[in-house]
Every structure is written in structure tokens, then in C-alpha cells.
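Undergrad: Take a look at this one; I'll ask things after.
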Amino acid sequence: MTYKMLASGLIAGFAAGLFAALLHFAFTQPLLLLGEQYEMGDMTHFGTMGSHATPSDAAAPQATPSEAPAQDQIGNAEAADHDHMSHDHGAAPMLGEDSSTQRNALTVLFMGFTYAAYGILLAAGYGLATHYGYAITVERGLLWGLGGFLAFHLAPALGLAPELPGTIAADLVHRQIWWLATVIATAAGLALFASGRWGIWAWIVAGALLAAPHGIGAPMVDGFYGSAPPELSSLYAARSLGVALVAWLVLGWLSARLWTEKTA
């Protein structure tokens with residue numbers, strides 16, 4: 001049983017992590033690179049470009065980064081980031097390329113190991129469910145994947161949305177504590193709902209667990225400010241959740257498939 005948990009969880013998790021990395025490169029990394037331009041001050045939200053305006057320029061409208069089409073800004077973010085790192089002499093372009101390659105490689109490894117850990121947790125859940133007489137099928141694996149997305153991503157995002165560089169947030173330790181408590185409470189509540197045992201009292205406890213973290217509230221900052229445009233931050237949050245949803249569905253489907261094959 002232990003070998004089956006590790007094998008199905010690690011294989012399915014790492015595969016789902018590689019798929020999540022591909023989605024990240026396509027949908028969220030361009031937004032991250034653009035957010036970093038705002039965070040470093042290379043771009044300014046509602047600010048003018050350049051500080052050497054002449055008197056003849058006073059009557060002319062000043063161009064701002066926000067006036068450019070959003071898609072053009074996102075599409076040019078990687079080129080701007082590369083230029084920022086490689087504008088010096090001789091070997092500098094190669095340094096920029098190496099840095100970009102290293103960053104992408106670390107992203108792939110990070111997502112692979114993260115989803116491998118998710119896969120082991122999911123496989124452990126399969127083992128516990130099997131122990132109590134619940135059969136694991138590929139279709140139910142998709143539901144388990146959806147539950148993992150709700151517990152690890154959507155429920156915490158109701159209080160702590162995915163953060164783009166250039167935005168602000170509350171104290172890191174407080175956010176980590178609230179995130180972990182929300183994940184545990186949400187997972188426990190979903191498990192009680194899905195178990196179908198212990199009658200209406202289980203549903204009441206499950207509802208209380210799901211609502212408790214949001215009733216307490218996530219750590220918040222005193223005011224709202226930041227260097228990144230709010231439109232960019234909201235797009236990043238939406239795409240991050242979309243990538244996580246697809247990756248978790250792939251993880252649930254693949255882990256359940258491996259689990260059922262090993263059982264057979």
C-alpha cells in the first residue's frame with residue numbers, strides 16, 4: 001500500500017507539475033515579468049516615461065505605459081526583461097540568457113516537486129478512503145482533484161489572492177498561518193461533506209469548518225497601494241487560479257488512473 005501511494009502520487013504529481021509549468025510559461029509568466037518591471041521602477045503606473053521633457057513638450061500629451069495596449073505590454077515583457085539584464089557589454093547578453101534559462105529550469109523543478117507533494121497527499125487520501133470502503137475510480141479522481149484545488153487554491157484565494165510583483169501584502173508569517181489553517185479546515189470540511197456519514201451534524205461541522213477561516217478573516221494591510229496596476233494584478237490572479245484548476249484536474253485523473261491500474 002505504501003509503495004502504491006508513493007508511486008502513483010510521485011509519478012502523477014510530477015507529470016501534473018510539468019503540465020502546470022507549461023501553462024505557467026504560456027499564461028502567467030509574461031504577467032510576472034511585466035509586474036517585475038513595475039516593481040523595479042522600469043515602468044510606472046499612471047506615470048510619464050522619461051524625466052527629460054523640454055518646454056516644447058509641455059503641450060504635447062505625455063506617453064505612459066498604461067496607454068499602450070495591454071497585450072503589447074504583456075507580449076514585450078520578456079524582451080524588456082532580457083534587455084534590462086543584457087544592456088551592458090560583450091558577455092552581458094549571454095548572462096541574460098543564462099539567467100532566463102536558469103529561472104525557467106527552477107520553475108519547472110519547483111512546480112514538479114510541489115505537485116509531486118500534492119500527489120502524495122492525494123494518494124494518501126485514496127488509501128484512507130479505500131480503508132473505509134470507498135472505491136477510487138478515474139471519474140472520482142477528477143472530483144478529488146477538484147477538491148484539492150478548492151482546498152489549496154480557491155479557498156485561500158478568497159482571502160489572499162495570488163500576488164503579482166509590485167503589489168503589497170500583510171506580514172508573511174501571519175499569511176502563512178492563515179493559509180495553512182484555511183487549507184486544513186477546507187480539506188476537513190470537504191471530507192465530511194463527501195463522507196455521507198454521521199448525519200446532519202457532520203454537515204453542520206463541515207459548514208462551520210469551511211466558513212471559519214473567512215469569518216476570522218485573512219491578514220490585511222492597513223491601506224491599498226502598490227506599483228503594479230490593479231488590472232494586471234487581477235488578470236494574474238485569475239490566470240493563476242485557472243492554471244491551478246487545470247493542473248489539479250490532471251493530477252486527480254492521472255493519480256486515480258495509476259491507482260486503479262495498480263489495484264487491478
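Following the order of the C-alpha cells, first chain is A, next is B, and so on, with residues numbered from 1 inside each chain and ligands from 1 in the order they appear.
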Which residues are near Val243 in chain A? Cut-off 7 Å, only C-alpha atoms, ignore same chain within fewer than 3 positions. Put them as a PyMOL selection string.

TA: chain A and resi 20+23-24+239-240+246-247

Undergrad: So that each row is one residue of range 217-258 of chain A with an atom at most 8 Å from range 114-138 of chain A, can you give its shortest atom pair and the distance in Å to one decimal, using only C-alpha atoms, rows by chain and rising number, as a tab-separated table?

TA:
```
residue	atom	partner	partner_atom	distance
A:Leu251	CA	A:Gly119	CA	6.8
A:Gly252	CA	A:Leu122	CA	7.7
A:Trp253	CA	A:Val138	CA	5.6
A:Leu254	CA	A:Val138	CA	7.8
A:Ser255	CA	A:Gly119	CA	7.1
A:Ala256	CA	A:Val138	CA	5.1
A:Arg257	CA	A:Val138	CA	5.4
```

Undergrad: Given the selection you just returned, output its residues as a file containing N, CA and C atoms, formatted as a PDB file, in the first residue's frame.

TA:
```pdb
ATOM      1  N   LEU A 251      -3.943  16.114 -12.258  1.00  0.00           N
ATOM      2  CA  LEU A 251      -3.388  15.331 -11.152  1.00  0.00           C
ATOM      3  C   LEU A 251      -4.400  14.318 -10.635  1.00  0.00           C
ATOM      4  N   GLY A 252      -5.648  14.728 -10.429  1.00  0.00           N
ATOM      5  CA  GLY A 252      -6.661  13.809  -9.931  1.00  0.00           C
ATOM      6  C   GLY A 252      -6.942  12.676 -10.903  1.00  0.00           C
ATOM      7  N   TRP A 253      -7.050  13.011 -12.196  1.00  0.00           N
ATOM      8  CA  TRP A 253      -7.330  11.994 -13.203  1.00  0.00           C
ATOM      9  C   TRP A 253      -6.182  10.998 -13.321  1.00  0.00           C
ATOM     10  N   LEU A 254      -4.949  11.510 -13.408  1.00  0.00           N
ATOM     11  CA  LEU A 254      -3.806  10.629 -13.617  1.00  0.00           C
ATOM     12  C   LEU A 254      -3.501   9.791 -12.380  1.00  0.00           C
ATOM     13  N   SER A 255      -3.585  10.386 -11.196  1.00  0.00           N
ATOM     14  CA  SER A 255      -3.305   9.625  -9.974  1.00  0.00           C
ATOM     15  C   SER A 255      -4.335   8.527  -9.763  1.00  0.00           C
ATOM     16  N   ALA A 256      -5.606   8.816 -10.040  1.00  0.00           N
ATOM     17  CA  ALA A 256      -6.646   7.795  -9.903  1.00  0.00           C
ATOM     18  C   ALA A 256      -6.459   6.679 -10.927  1.00  0.00           C
ATOM     19  N   ARG A 257      -6.049   7.049 -12.121  1.00  0.00           N
ATOM     20  CA  ARG A 257      -5.799   6.038 -13.155  1.00  0.00           C
ATOM     21  C   ARG A 257      -4.669   5.113 -12.737  1.00  0.00           C
TER      22      ARG A 257
END
```

Undergrad: Please provide the set of residues having any atom within 10 Å of Ile177 in chain A, restricted to only C-alpha atoms, with same-chain residues fewer than 4 positions apart removed, written as a list in words.

TA: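 So, after excluding close chain neighbours, the residues are Leu172, Val173, Ala181, Thr182, Ala218 and Pro219 of chain A.
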
Undergrad: Give me the residues within 7 Å of range 236-238 of chain A as a PDB file with N, CA, C and O atoms, in the first residue's frame, counting only C-alpha atoms and dropping any in the same chain fewer than 5 places off.

TA:
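result-v8.pdb, written as the output of this step:
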```pdb
ATOM      1  N   THR A  28       0.974  32.842 -17.236  1.00  0.00           N
ATOM      2  CA  THR A  28       1.242  33.677 -16.064  1.00  0.00           C
ATOM      3  C   THR A  28       2.646  34.274 -16.033  1.00  0.00           C
ATOM      4  O   THR A  28       2.831  35.356 -15.477  1.00  0.00           O
ATOM      5  N   LEU A  31       2.967  37.839 -17.308  1.00  0.00           N
ATOM      6  CA  LEU A  31       2.437  38.810 -16.352  1.00  0.00           C
ATOM      7  C   LEU A  31       3.421  39.036 -15.212  1.00  0.00           C
ATOM      8  O   LEU A  31       3.565  40.163 -14.714  1.00  0.00           O
ATOM      9  N   ALA A 161      -5.392  36.583  -2.386  1.00  0.00           N
ATOM     10  CA  ALA A 161      -5.317  36.328  -3.814  1.00  0.00           C
ATOM     11  C   ALA A 161      -3.867  36.133  -4.239  1.00  0.00           C
ATOM     12  O   ALA A 161      -2.951  36.648  -3.589  1.00  0.00           O
ATOM     13  N   PRO A 162      -3.614  35.369  -5.310  1.00  0.00           N
ATOM     14  CA  PRO A 162      -2.243  35.256  -5.832  1.00  0.00           C
ATOM     15  C   PRO A 162      -1.642  36.637  -6.080  1.00  0.00           C
ATOM     16  O   PRO A 162      -2.290  37.507  -6.655  1.00  0.00           O
ATOM     17  N   GLU A 163      -0.415  36.821  -5.633  1.00  0.00           N
ATOM     18  CA  GLU A 163       0.195  38.152  -5.630  1.00  0.00           C
ATOM     19  C   GLU A 163       1.159  38.343  -6.786  1.00  0.00           C
ATOM     20  O   GLU A 163       2.042  37.521  -7.027  1.00  0.00           O
ATOM     21  N   LEU A 164       0.988  39.426  -7.486  1.00  0.00           N
ATOM     22  CA  LEU A 164       1.885  39.829  -8.566  1.00  0.00           C
ATOM     23  C   LEU A 164       2.999  40.692  -7.986  1.00  0.00           C
ATOM     24  O   LEU A 164       2.755  41.464  -7.052  1.00  0.00           O
TER      25      LEU A 164
END
```

Undergrad: Do a neighbour search on Gly159 in chain A at 10 Å with only C-alpha atoms, toss out local chain neighbours closer than 4 positions, and write the hits as number ranges by chain.

TA: A: 154-155, 175, 178-179, 182, 213-214, 217-220

Undergrad: With N, CA, C and O atoms retained, could you export that selection as a PDB file, in the first residue's frame?

TA:
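The resulting result18.pdb:
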```pdb
ATOM      1  N   LEU A 154      -8.430  27.791  -4.216  1.00  0.00           N
ATOM      2  CA  LEU A 154      -9.576  28.688  -4.294  1.00  0.00           C
ATOM      3  C   LEU A 154      -9.974  29.234  -2.929  1.00  0.00           C
ATOM      4  O   LEU A 154     -10.186  30.449  -2.778  1.00  0.00           O
ATOM      5  N   ALA A 155     -10.097  28.368  -1.917  1.00  0.00           N
ATOM      6  CA  ALA A 155     -10.490  28.844  -0.587  1.00  0.00           C
ATOM      7  C   ALA A 155      -9.483  29.844  -0.016  1.00  0.00           C
ATOM      8  O   ALA A 155      -9.874  30.914   0.461  1.00  0.00           O
ATOM      9  N   ARG A 175       0.281  35.513   7.127  1.00  0.00           N
ATOM     10  CA  ARG A 175      -0.374  34.980   5.934  1.00  0.00           C
ATOM     11  C   ARG A 175      -0.166  33.477   5.826  1.00  0.00           C
ATOM     12  O   ARG A 175      -1.085  32.743   5.446  1.00  0.00           O
ATOM     13  N   TRP A 178      -2.494  31.705   8.332  1.00  0.00           N
ATOM     14  CA  TRP A 178      -3.885  31.726   7.877  1.00  0.00           C
ATOM     15  C   TRP A 178      -4.083  30.792   6.686  1.00  0.00           C
ATOM     16  O   TRP A 178      -5.083  30.089   6.608  1.00  0.00           O
ATOM     17  N   TRP A 179      -3.121  30.770   5.766  1.00  0.00           N
ATOM     18  CA  TRP A 179      -3.226  29.886   4.597  1.00  0.00           C
ATOM     19  C   TRP A 179      -3.277  28.426   5.028  1.00  0.00           C
ATOM     20  O   TRP A 179      -4.128  27.659   4.555  1.00  0.00           O
ATOM     21  N   THR A 182      -6.537  27.561   6.688  1.00  0.00           N
ATOM     22  CA  THR A 182      -7.616  27.515   5.709  1.00  0.00           C
ATOM     23  C   THR A 182      -7.577  26.218   4.916  1.00  0.00           C
ATOM     24  O   THR A 182      -8.625  25.603   4.652  1.00  0.00           O
ATOM     25  N   PRO A 213     -12.365  30.045   8.570  1.00  0.00           N
ATOM     26  CA  PRO A 213     -11.229  30.910   8.210  1.00  0.00           C
ATOM     27  C   PRO A 213     -11.653  32.254   7.638  1.00  0.00           C
ATOM     28  O   PRO A 213     -11.009  33.277   7.889  1.00  0.00           O
ATOM     29  N   HIS A 214     -12.763  32.258   6.894  1.00  0.00           N
ATOM     30  CA  HIS A 214     -13.205  33.501   6.272  1.00  0.00           C
ATOM     31  C   HIS A 214     -13.967  34.378   7.268  1.00  0.00           C
ATOM     32  O   HIS A 214     -14.012  35.596   7.113  1.00  0.00           O
ATOM     33  N   GLY A 217     -11.065  35.918   8.994  1.00  0.00           N
ATOM     34  CA  GLY A 217     -10.509  36.883   8.054  1.00  0.00           C
ATOM     35  C   GLY A 217      -9.018  36.727   7.854  1.00  0.00           C
ATOM     36  O   GLY A 217      -8.287  36.413   8.799  1.00  0.00           O
ATOM     37  N   ALA A 218      -8.591  36.912   6.628  1.00  0.00           N
ATOM     38  CA  ALA A 218      -7.165  36.833   6.315  1.00  0.00           C
ATOM     39  C   ALA A 218      -6.454  38.100   6.778  1.00  0.00           C
ATOM     40  O   ALA A 218      -7.069  39.162   6.903  1.00  0.00           O
ATOM     41  N   PRO A 219      -5.150  38.010   7.049  1.00  0.00           N
ATOM     42  CA  PRO A 219      -4.384  39.220   7.402  1.00  0.00           C
ATOM     43  C   PRO A 219      -4.442  40.238   6.271  1.00  0.00           C
ATOM     44  O   PRO A 219      -4.248  39.892   5.110  1.00  0.00           O
ATOM     45  N   MET A 220      -4.714  41.475   6.612  1.00  0.00           N
ATOM     46  CA  MET A 220      -4.856  42.536   5.617  1.00  0.00           C
ATOM     47  C   MET A 220      -3.887  43.673   5.913  1.00  0.00           C
ATOM     48  O   MET A 220      -3.452  43.865   7.049  1.00  0.00           O
TER      49      MET A 220
END
```
